[in-house]
$ cat query-v4.cif   # mmCIF, N, CA and C atoms
data_my_file
loop_
_atom_site.label_atom_id
_atom_site.label_comp_id
_atom_site.auth_asym_id
_atom_site.auth_seq_id
_atom_site.Cartn_x
_atom_site.Cartn_y
_atom_site.Cartn_z
N MET A 1 29.92 10.79 -25.13
CA MET A 1 30.08 10.08 -23.88
C MET A 1 28.78 10.01 -23.10
N LEU A 2 28.05 11.14 -23.03
CA LEU A 2 26.79 11.16 -22.31
C LEU A 2 25.76 10.28 -22.99
N GLU A 3 25.75 10.26 -24.31
CA GLU A 3 24.80 9.42 -25.03
C GLU A 3 25.04 7.95 -24.76
N THR A 4 26.30 7.56 -24.64
CA THR A 4 26.62 6.16 -24.32
C THR A 4 26.14 5.81 -22.91
N ALA A 5 26.37 6.71 -21.97
CA ALA A 5 25.92 6.47 -20.59
C ALA A 5 24.40 6.39 -20.52
N ILE A 6 23.72 7.23 -21.27
CA ILE A 6 22.25 7.20 -21.28
C ILE A 6 21.75 5.91 -21.90
N SER A 7 22.38 5.46 -22.97
CA SER A 7 21.97 4.20 -23.60
C SER A 7 22.18 3.01 -22.66
N ILE A 8 23.29 3.00 -21.96
CA ILE A 8 23.56 1.92 -21.01
C ILE A 8 22.55 1.98 -19.86
N ALA A 9 22.25 3.18 -19.37
CA ALA A 9 21.28 3.33 -18.29
C ALA A 9 19.90 2.86 -18.72
N LEU A 10 19.50 3.20 -19.94
CA LEU A 10 18.20 2.74 -20.45
C LEU A 10 18.15 1.22 -20.53
N ALA A 11 19.23 0.62 -20.99
CA ALA A 11 19.26 -0.84 -21.10
C ALA A 11 19.20 -1.51 -19.73
N LEU A 12 19.93 -0.98 -18.76
CA LEU A 12 19.94 -1.58 -17.43
C LEU A 12 18.60 -1.38 -16.70
N ILE A 13 18.00 -0.23 -16.86
CA ILE A 13 16.69 0.00 -16.24
C ILE A 13 15.64 -0.88 -16.88
N THR A 14 15.72 -1.07 -18.19
CA THR A 14 14.79 -1.98 -18.87
C THR A 14 14.98 -3.41 -18.39
N LEU A 15 16.22 -3.83 -18.20
CA LEU A 15 16.48 -5.16 -17.66
C LEU A 15 15.89 -5.31 -16.26
N ALA A 16 16.05 -4.30 -15.43
CA ALA A 16 15.47 -4.34 -14.08
C ALA A 16 13.95 -4.41 -14.15
N TRP A 17 13.35 -3.69 -15.10
CA TRP A 17 11.90 -3.71 -15.27
C TRP A 17 11.42 -5.11 -15.66
N VAL A 18 12.14 -5.75 -16.57
CA VAL A 18 11.77 -7.10 -17.00
C VAL A 18 11.92 -8.10 -15.85
N LEU A 19 12.97 -7.98 -15.07
CA LEU A 19 13.15 -8.87 -13.92
C LEU A 19 12.05 -8.66 -12.88
N ASN A 20 11.62 -7.42 -12.70
CA ASN A 20 10.50 -7.16 -11.80
C ASN A 20 9.19 -7.72 -12.34
N LEU A 21 9.03 -7.69 -13.65
CA LEU A 21 7.84 -8.30 -14.25
C LEU A 21 7.83 -9.80 -14.00
N TYR A 22 8.98 -10.43 -14.09
CA TYR A 22 9.09 -11.85 -13.78
C TYR A 22 8.70 -12.11 -12.32
N ARG A 23 9.19 -11.26 -11.42
CA ARG A 23 8.86 -11.41 -10.00
C ARG A 23 7.37 -11.17 -9.75
N LEU A 24 6.78 -10.27 -10.51
CA LEU A 24 5.35 -10.01 -10.37
C LEU A 24 4.52 -11.22 -10.78
N ILE A 25 4.94 -11.89 -11.83
CA ILE A 25 4.19 -13.04 -12.33
C ILE A 25 4.46 -14.27 -11.47
N ILE A 26 5.69 -14.52 -11.09
CA ILE A 26 6.08 -15.75 -10.40
C ILE A 26 6.03 -15.60 -8.87
N GLY A 27 6.00 -14.39 -8.36
CA GLY A 27 6.08 -14.15 -6.92
C GLY A 27 5.26 -15.11 -6.08
N PRO A 28 5.87 -15.72 -5.07
CA PRO A 28 5.16 -16.73 -4.29
C PRO A 28 4.07 -16.18 -3.38
N SER A 29 4.15 -14.91 -3.01
CA SER A 29 3.15 -14.37 -2.09
C SER A 29 2.70 -12.99 -2.55
N LEU A 30 1.61 -12.52 -1.96
CA LEU A 30 1.06 -11.22 -2.32
C LEU A 30 2.03 -10.07 -2.00
N PRO A 31 2.68 -10.06 -0.83
CA PRO A 31 3.64 -8.97 -0.59
C PRO A 31 4.79 -8.93 -1.60
N ASP A 32 5.24 -10.09 -2.08
CA ASP A 32 6.28 -10.11 -3.11
C ASP A 32 5.77 -9.45 -4.39
N ARG A 33 4.55 -9.74 -4.75
CA ARG A 33 3.97 -9.15 -5.97
C ARG A 33 3.75 -7.65 -5.82
N VAL A 34 3.31 -7.23 -4.64
CA VAL A 34 3.12 -5.80 -4.40
C VAL A 34 4.45 -5.06 -4.48
N LEU A 35 5.47 -5.63 -3.89
CA LEU A 35 6.80 -5.01 -3.94
C LEU A 35 7.34 -4.96 -5.37
N ALA A 36 7.11 -6.02 -6.14
CA ALA A 36 7.54 -6.03 -7.54
C ALA A 36 6.81 -4.96 -8.34
N LEU A 37 5.51 -4.81 -8.10
CA LEU A 37 4.74 -3.78 -8.81
C LEU A 37 5.21 -2.39 -8.42
N ASP A 38 5.49 -2.18 -7.16
CA ASP A 38 5.99 -0.90 -6.68
C ASP A 38 7.34 -0.57 -7.32
N THR A 39 8.20 -1.55 -7.40
CA THR A 39 9.51 -1.34 -8.02
C THR A 39 9.38 -1.13 -9.52
N MET A 40 8.39 -1.76 -10.14
CA MET A 40 8.18 -1.57 -11.58
C MET A 40 7.79 -0.13 -11.90
N TYR A 41 6.93 0.46 -11.08
CA TYR A 41 6.57 1.84 -11.41
C TYR A 41 7.74 2.79 -11.13
N ILE A 42 8.58 2.48 -10.17
CA ILE A 42 9.77 3.30 -9.94
C ILE A 42 10.73 3.17 -11.13
N ASN A 43 10.88 1.95 -11.65
CA ASN A 43 11.71 1.76 -12.84
C ASN A 43 11.11 2.47 -14.05
N SER A 44 9.79 2.48 -14.15
CA SER A 44 9.14 3.20 -15.25
C SER A 44 9.42 4.69 -15.16
N ILE A 45 9.39 5.23 -13.96
CA ILE A 45 9.71 6.64 -13.77
C ILE A 45 11.16 6.91 -14.20
N ALA A 46 12.06 6.02 -13.81
CA ALA A 46 13.47 6.19 -14.18
C ALA A 46 13.64 6.13 -15.70
N LEU A 47 12.93 5.20 -16.34
CA LEU A 47 13.01 5.11 -17.81
C LEU A 47 12.53 6.40 -18.47
N ILE A 48 11.43 6.93 -17.99
CA ILE A 48 10.88 8.15 -18.58
C ILE A 48 11.83 9.33 -18.36
N VAL A 49 12.40 9.45 -17.18
CA VAL A 49 13.31 10.56 -16.89
C VAL A 49 14.58 10.46 -17.74
N VAL A 50 15.16 9.28 -17.82
CA VAL A 50 16.38 9.11 -18.61
C VAL A 50 16.10 9.35 -20.10
N TYR A 51 14.95 8.87 -20.58
CA TYR A 51 14.59 9.14 -21.97
C TYR A 51 14.35 10.63 -22.19
N GLY A 52 13.76 11.30 -21.21
CA GLY A 52 13.58 12.75 -21.32
C GLY A 52 14.90 13.49 -21.40
N ILE A 53 15.90 13.00 -20.68
CA ILE A 53 17.24 13.59 -20.77
C ILE A 53 17.82 13.35 -22.16
N GLN A 54 17.58 12.15 -22.69
CA GLN A 54 18.13 11.80 -24.00
C GLN A 54 17.54 12.67 -25.11
N VAL A 55 16.23 12.90 -25.08
CA VAL A 55 15.61 13.69 -26.15
C VAL A 55 15.53 15.18 -25.80
N ASP A 56 16.00 15.55 -24.60
CA ASP A 56 16.04 16.94 -24.15
C ASP A 56 14.66 17.59 -24.19
N SER A 57 13.71 16.95 -23.49
CA SER A 57 12.35 17.46 -23.43
C SER A 57 11.88 17.49 -21.98
N LYS A 58 11.25 18.59 -21.58
CA LYS A 58 10.75 18.72 -20.22
C LYS A 58 9.41 18.03 -20.03
N LEU A 59 8.75 17.68 -21.10
CA LEU A 59 7.44 17.04 -21.02
C LEU A 59 7.53 15.69 -20.33
N TYR A 60 8.60 14.98 -20.53
CA TYR A 60 8.76 13.65 -19.92
C TYR A 60 8.90 13.73 -18.40
N PHE A 61 9.46 14.81 -17.91
CA PHE A 61 9.60 14.97 -16.46
C PHE A 61 8.23 15.18 -15.81
N GLU A 62 7.35 15.89 -16.50
CA GLU A 62 5.99 16.07 -15.98
C GLU A 62 5.24 14.75 -15.98
N ALA A 63 5.43 13.95 -17.01
CA ALA A 63 4.80 12.63 -17.05
C ALA A 63 5.34 11.74 -15.93
N ALA A 64 6.62 11.84 -15.65
CA ALA A 64 7.22 11.05 -14.56
C ALA A 64 6.65 11.47 -13.21
N MET A 65 6.42 12.75 -13.02
CA MET A 65 5.82 13.21 -11.77
C MET A 65 4.39 12.70 -11.61
N LEU A 66 3.65 12.67 -12.70
CA LEU A 66 2.28 12.15 -12.66
C LEU A 66 2.28 10.66 -12.32
N ILE A 67 3.16 9.91 -12.92
CA ILE A 67 3.25 8.47 -12.63
C ILE A 67 3.69 8.26 -11.18
N ALA A 68 4.57 9.09 -10.67
CA ALA A 68 5.01 8.97 -9.28
C ALA A 68 3.84 9.21 -8.33
N LEU A 69 3.02 10.19 -8.63
CA LEU A 69 1.86 10.47 -7.78
C LEU A 69 0.87 9.32 -7.80
N ILE A 70 0.56 8.81 -8.98
CA ILE A 70 -0.36 7.68 -9.11
C ILE A 70 0.22 6.44 -8.44
N GLY A 71 1.50 6.20 -8.61
CA GLY A 71 2.14 5.05 -7.98
C GLY A 71 2.12 5.14 -6.46
N PHE A 72 2.33 6.33 -5.91
CA PHE A 72 2.30 6.49 -4.46
C PHE A 72 0.91 6.20 -3.91
N VAL A 73 -0.11 6.74 -4.55
CA VAL A 73 -1.48 6.51 -4.09
C VAL A 73 -1.85 5.04 -4.21
N SER A 74 -1.46 4.40 -5.30
CA SER A 74 -1.78 2.98 -5.46
C SER A 74 -1.02 2.12 -4.45
N THR A 75 0.20 2.48 -4.12
CA THR A 75 0.94 1.74 -3.11
C THR A 75 0.27 1.85 -1.74
N ILE A 76 -0.19 3.02 -1.39
CA ILE A 76 -0.91 3.20 -0.13
C ILE A 76 -2.20 2.38 -0.12
N ALA A 77 -2.93 2.39 -1.24
CA ALA A 77 -4.18 1.63 -1.31
C ALA A 77 -3.94 0.13 -1.19
N VAL A 78 -2.93 -0.38 -1.87
CA VAL A 78 -2.64 -1.82 -1.80
C VAL A 78 -2.14 -2.20 -0.41
N ALA A 79 -1.32 -1.36 0.20
CA ALA A 79 -0.84 -1.66 1.55
C ALA A 79 -1.99 -1.68 2.55
N LYS A 80 -2.93 -0.76 2.38
CA LYS A 80 -4.10 -0.74 3.25
C LYS A 80 -4.96 -1.98 3.03
N TYR A 81 -5.08 -2.41 1.79
CA TYR A 81 -5.86 -3.61 1.49
C TYR A 81 -5.19 -4.86 2.08
N VAL A 82 -3.88 -4.94 1.96
CA VAL A 82 -3.16 -6.12 2.47
C VAL A 82 -3.25 -6.19 3.99
N THR A 83 -3.16 -5.05 4.67
CA THR A 83 -3.16 -5.08 6.14
C THR A 83 -4.56 -5.18 6.73
N ARG A 84 -5.55 -4.50 6.14
CA ARG A 84 -6.89 -4.47 6.73
C ARG A 84 -7.92 -5.32 6.00
N GLY A 85 -7.71 -5.59 4.75
CA GLY A 85 -8.68 -6.37 3.98
C GLY A 85 -9.67 -5.52 3.22
N ASP A 86 -9.67 -4.20 3.44
CA ASP A 86 -10.51 -3.30 2.66
C ASP A 86 -9.77 -1.98 2.48
N ILE A 87 -10.19 -1.22 1.49
CA ILE A 87 -9.50 0.04 1.20
C ILE A 87 -10.22 1.20 1.87
N ILE A 88 -11.54 1.23 1.73
CA ILE A 88 -12.34 2.31 2.29
C ILE A 88 -13.06 1.78 3.53
N GLU A 89 -12.92 2.50 4.63
CA GLU A 89 -13.55 2.05 5.87
C GLU A 89 -15.01 2.41 5.90
#

$ encode --input "query-v4.cif" --output "structure tokens"
Amino acid sequence: MLETAISIALALITLAWVLNLYRLIIGPSLPDRVLALDTMYINSIALIVVYGIQVDSKLYFEAAMLIALIGFVSTIAVAKYVTRGDIIE
């Protein structure tokens, strides 16, 4: 039962990732693309965590934490760039 739920979750998260990729490519404005990219890294974290549960390995959780940290810093940098026009003052 758990394996079926994990397989369905992986499929749905992958579908969400692909839809965000479409929004990233087609997005009409820069904030739409930034939001799509932000959501894509969150979906990537979810994929890694669910796959880590499936294979019963703690290594994937550490990788997900690293991606979360990098994603947070990149989101702050892009938001600063969009609002001010530069990243470093």

$ residues_around --input "query-v4.cif" --residues "A:Val49" --least-positions-apart "3" --cutoff "6.5 Å" --atoms "only N, CA and C atoms" --output "JSON, numbers by chain"
{"A": [44, 45, 46, 52, 53, 54, 60, 61, 64]}

$ resolve_selection --input "query-v4.cif" --expression "the PyMOL selection byres ((chain A and resi 68-85) around 8)" --output "ChimeraX atom specification"
/A:30-31,34,37-38,41-42,44-45,62-67,86-88

$ closest_residue --input "query-v4.cif" --among "A:Val50, A:Ser57, A:Ala5, A:Ala36" --to "A:Arg23" --atoms "all atoms listed in the file"
A:Ala36

$ atom_distance --input "query-v4.cif" --atom1 "atom C of A:Ala11" --atom2 "atom CA of A:Leu35"
20.4 Å

$ axis_aligned_box --input "query-v4.cif" --around "stretch 63-71 of chain A" --padding-each-side "4 Å" --output "AutoDock Vina command-line options"
--center_x 3.4 --center_y 9.5 --center_z -11.8 --size_x 15.6 --size_y 16.9 --size_z 18.6

$ atom_distance --input "query-v4.cif" --atom1 "atom CA of A:Leu24" --atom2 "atom CA of A:Ile48"
20.7 Å

$ atom_distance --input "query-v4.cif" --atom1 "atom CA of A:Glu3" --atom2 "atom CA of A:Asn20"
25.6 Å

$ resolve_selection --input "query-v4.cif" --expression "the PyMOL selection byres ((chain A and resi 13-16) around 8)" --output "PyMOL selection string"
chain A and resi 7-12+17-22+39-40+43-44+46-47
